[in-house]
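S.K.: Next up, input21.cif (mmCIF, C-alpha atoms).
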data_upload
#
loop_
_atom_site.label_atom_id
_atom_site.label_comp_id
_atom_site.auth_asym_id
_atom_site.auth_seq_id
_atom_site.Cartn_x
_atom_site.Cartn_y
_atom_site.Cartn_z
CA MET O 1 62.94 6.53 -60.88
CA ASP O 2 63.56 8.88 -63.81
CA TYR O 3 65.02 11.49 -61.49
CA TYR O 4 67.60 9.04 -60.16
CA LEU O 5 68.70 8.08 -63.66
CA LEU O 6 68.99 11.75 -64.61
CA LEU O 7 71.00 12.47 -61.47
CA ILE O 8 73.34 9.55 -62.14
CA TYR O 9 73.76 10.70 -65.75
CA PHE O 10 74.66 14.25 -64.68
CA ILE O 11 77.11 13.02 -62.05
CA LEU O 12 78.87 10.78 -64.58
CA VAL O 13 79.00 13.29 -67.44
CA ASN O 14 80.17 16.12 -65.18
CA THR O 15 82.88 13.93 -63.65
CA PHE O 16 83.95 12.96 -67.16
CA SER O 17 84.02 16.62 -68.29
CA PHE O 18 86.01 17.66 -65.22
CA LEU O 19 88.54 14.90 -65.86
CA LEU O 20 88.82 15.82 -69.55
CA MET O 21 89.92 19.32 -68.55
CA GLY O 22 92.50 17.88 -66.18
CA ILE O 23 93.80 15.42 -68.75
CA ASP O 24 94.06 18.11 -71.42
CA LYS O 25 95.93 20.40 -69.02
CA TYR O 26 98.34 17.57 -68.21
CA LYS O 27 98.89 16.89 -71.92
CA ALA O 28 99.46 20.60 -72.57
CA ARG O 29 102.18 20.73 -69.93
CA LYS O 30 103.88 17.61 -71.30
CA ASN O 31 103.63 18.75 -74.94
CA LYS O 32 101.61 15.67 -75.81
CA TRP O 33 98.75 15.14 -78.24
CA ARG O 34 95.79 17.20 -76.96
CA ILE O 35 92.06 16.73 -76.64
CA LYS O 36 90.18 18.66 -79.33
CA GLU O 37 88.38 21.80 -78.20
CA SER O 38 85.26 20.50 -79.93
CA THR O 39 85.40 17.43 -77.68
CA LEU O 40 85.67 19.61 -74.59
CA PHE O 41 82.66 21.62 -75.71
CA LEU O 42 80.70 18.51 -76.67
CA SER O 43 81.19 17.05 -73.20
CA SER O 44 79.82 20.30 -71.84
CA VAL O 45 76.84 20.45 -74.18
CA ILE O 46 75.72 16.89 -73.39
CA GLY O 47 75.32 17.83 -69.73
CA GLY O 48 78.83 18.28 -68.34
CA SER O 49 78.87 22.07 -68.28
CA LEU O 50 79.33 22.33 -64.52
CA GLY O 51 82.18 19.80 -64.55
CA SER O 52 83.84 21.60 -67.46
CA LEU O 53 83.56 24.96 -65.76
CA LEU O 54 84.87 23.64 -62.45
CA GLY O 55 87.68 21.86 -64.28
CA MET O 56 88.65 25.05 -66.11
CA PHE O 57 89.20 26.92 -62.88
CA PHE O 58 90.49 24.03 -60.77
CA PHE O 59 93.17 23.13 -63.30
CA ARG O 60 93.57 26.73 -64.55
CA HIS O 61 92.99 25.47 -68.06
CA LYS O 62 91.51 27.40 -70.99
CA THR O 63 90.87 30.37 -68.71
CA LYS O 64 92.51 32.77 -71.17
CA HIS O 65 90.42 31.56 -74.09
CA ARG O 66 87.42 33.85 -74.52
CA LYS O 67 85.24 31.19 -76.14
CA PHE O 68 85.70 28.97 -73.08
CA VAL O 69 85.37 31.71 -70.47
CA LEU O 70 82.12 32.90 -72.06
CA GLY O 71 80.91 29.66 -73.64
CA MET O 72 81.00 27.31 -70.67
CA PRO O 73 78.96 29.57 -68.35
CA CYS O 74 76.44 30.15 -71.18
CA ILE O 75 76.02 26.41 -71.67
CA LEU O 76 75.61 25.96 -67.91
CA LEU O 77 72.98 28.70 -67.83
CA ILE O 78 71.08 27.02 -70.66
CA HIS O 79 71.20 23.71 -68.79
CA ILE O 80 69.90 25.33 -65.61
CA CYS O 81 67.05 26.97 -67.52
CA LEU O 82 66.14 23.68 -69.22
CA LEU O 83 66.14 21.81 -65.92
CA LEU O 84 64.02 24.48 -64.22
CA TYR O 85 61.55 24.40 -67.11
CA TRP O 86 61.44 20.60 -67.15
CA PHE O 87 60.91 20.25 -63.39
CA HIS O 88 58.44 23.12 -63.17
#
When written as C-alpha cells, how does the structure in this file appear?

M.R.:
Amino acid sequence: MDYYLLLIYFILVNTFSFLLMGIDKYKARKNKWRIKESTLFLSSVIGGSLGSLLGMFFFRHKTKHRKFVLGMPCILLIHICLLLYWFH
C-alpha cells in the first residue's frame, strides 16, 4: 500500500512541477507576474525533479540558466539515489 501512495505522490508532484514550468514560460512571454525561481526549485526538491526537468526542455524554459541546467539534473540524481537506497 505504501508503494501506491508514493507512486501517486510522485505522479502528482511531477505533474505539478511540469505545469509550473509551462505556466511560468507563458507568463514570461506575456510579460506577466512570474513564478519565483525558489518556488520552481522547491517543487523539484519535494519530488518533482523529473517533471521540472521535462518541463524545462518541453517548454524551452530556463534552459539558458546555469543553475537550472545543472541544478535540476542534480536534484533528480539525488532523488534516484534515495529511491534506490530506500527500495534496496

S.K.: Residues picked by the PyMOL selection byres ((chain O and resi 48-64) around 12) here, as a PDB file with C-alpha atoms, in the coordinates of the input?

M.R.:
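What follows is the written file selection_28.pdb:
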ATOM      1  CA  LEU O   7      71.000  12.470 -61.470  1.00  0.00           C
ATOM      2  CA  TYR O   9      73.760  10.700 -65.750  1.00  0.00           C
ATOM      3  CA  PHE O  10      74.660  14.250 -64.680  1.00  0.00           C
ATOM      4  CA  ILE O  11      77.110  13.020 -62.050  1.00  0.00           C
ATOM      5  CA  LEU O  12      78.870  10.780 -64.580  1.00  0.00           C
ATOM      6  CA  VAL O  13      79.000  13.290 -67.440  1.00  0.00           C
ATOM      7  CA  ASN O  14      80.170  16.120 -65.180  1.00  0.00           C
ATOM      8  CA  THR O  15      82.880  13.930 -63.650  1.00  0.00           C
ATOM      9  CA  PHE O  16      83.950  12.960 -67.160  1.00  0.00           C
ATOM     10  CA  SER O  17      84.020  16.620 -68.290  1.00  0.00           C
ATOM     11  CA  PHE O  18      86.010  17.660 -65.220  1.00  0.00           C
ATOM     12  CA  LEU O  19      88.540  14.900 -65.860  1.00  0.00           C
ATOM     13  CA  LEU O  20      88.820  15.820 -69.550  1.00  0.00           C
ATOM     14  CA  MET O  21      89.920  19.320 -68.550  1.00  0.00           C
ATOM     15  CA  GLY O  22      92.500  17.880 -66.180  1.00  0.00           C
ATOM     16  CA  ILE O  23      93.800  15.420 -68.750  1.00  0.00           C
ATOM     17  CA  ASP O  24      94.060  18.110 -71.420  1.00  0.00           C
ATOM     18  CA  LYS O  25      95.930  20.400 -69.020  1.00  0.00           C
ATOM     19  CA  TYR O  26      98.340  17.570 -68.210  1.00  0.00           C
ATOM     20  CA  LYS O  27      98.890  16.890 -71.920  1.00  0.00           C
ATOM     21  CA  ALA O  28      99.460  20.600 -72.570  1.00  0.00           C
ATOM     22  CA  ARG O  29     102.180  20.730 -69.930  1.00  0.00           C
ATOM     23  CA  GLU O  37      88.380  21.800 -78.200  1.00  0.00           C
ATOM     24  CA  THR O  39      85.400  17.430 -77.680  1.00  0.00           C
ATOM     25  CA  LEU O  40      85.670  19.610 -74.590  1.00  0.00           C
ATOM     26  CA  PHE O  41      82.660  21.620 -75.710  1.00  0.00           C
ATOM     27  CA  LEU O  42      80.700  18.510 -76.670  1.00  0.00           C
ATOM     28  CA  SER O  43      81.190  17.050 -73.200  1.00  0.00           C
ATOM     29  CA  SER O  44      79.820  20.300 -71.840  1.00  0.00           C
ATOM     30  CA  VAL O  45      76.840  20.450 -74.180  1.00  0.00           C
ATOM     31  CA  ILE O  46      75.720  16.890 -73.390  1.00  0.00           C
ATOM     32  CA  GLY O  47      75.320  17.830 -69.730  1.00  0.00           C
ATOM     33  CA  HIS O  65      90.420  31.560 -74.090  1.00  0.00           C
ATOM     34  CA  ARG O  66      87.420  33.850 -74.520  1.00  0.00           C
ATOM     35  CA  LYS O  67      85.240  31.190 -76.140  1.00  0.00           C
ATOM     36  CA  PHE O  68      85.700  28.970 -73.080  1.00  0.00           C
ATOM     37  CA  VAL O  69      85.370  31.710 -70.470  1.00  0.00           C
ATOM     38  CA  LEU O  70      82.120  32.900 -72.060  1.00  0.00           C
ATOM     39  CA  GLY O  71      80.910  29.660 -73.640  1.00  0.00           C
ATOM     40  CA  MET O  72      81.000  27.310 -70.670  1.00  0.00           C
ATOM     41  CA  PRO O  73      78.960  29.570 -68.350  1.00  0.00           C
ATOM     42  CA  CYS O  74      76.440  30.150 -71.180  1.00  0.00           C
ATOM     43  CA  ILE O  75      76.020  26.410 -71.670  1.00  0.00           C
ATOM     44  CA  LEU O  76      75.610  25.960 -67.910  1.00  0.00           C
ATOM     45  CA  LEU O  77      72.980  28.700 -67.830  1.00  0.00           C
ATOM     46  CA  ILE O  78      71.080  27.020 -70.660  1.00  0.00           C
ATOM     47  CA  HIS O  79      71.200  23.710 -68.790  1.00  0.00           C
ATOM     48  CA  ILE O  80      69.900  25.330 -65.610  1.00  0.00           C
TER      49      ILE O  80
END

S.K.: Would you compute the distance between CA of Leu83 (chain O) and CA of Ser38 (chain O)? Give it in Å to one decimal.

M.R.: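 Between CA of Leu83 (chain O) and CA of Ser38 (chain O) the gap is 23.7 Å.
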
S.K.: Between CA of Lys36 (chain O) and CA of Ile8 (chain O), what is the distance, to one decimal in Å?

M.R.: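 Rounded to one decimal, the two atoms are 25.7 Å apart.
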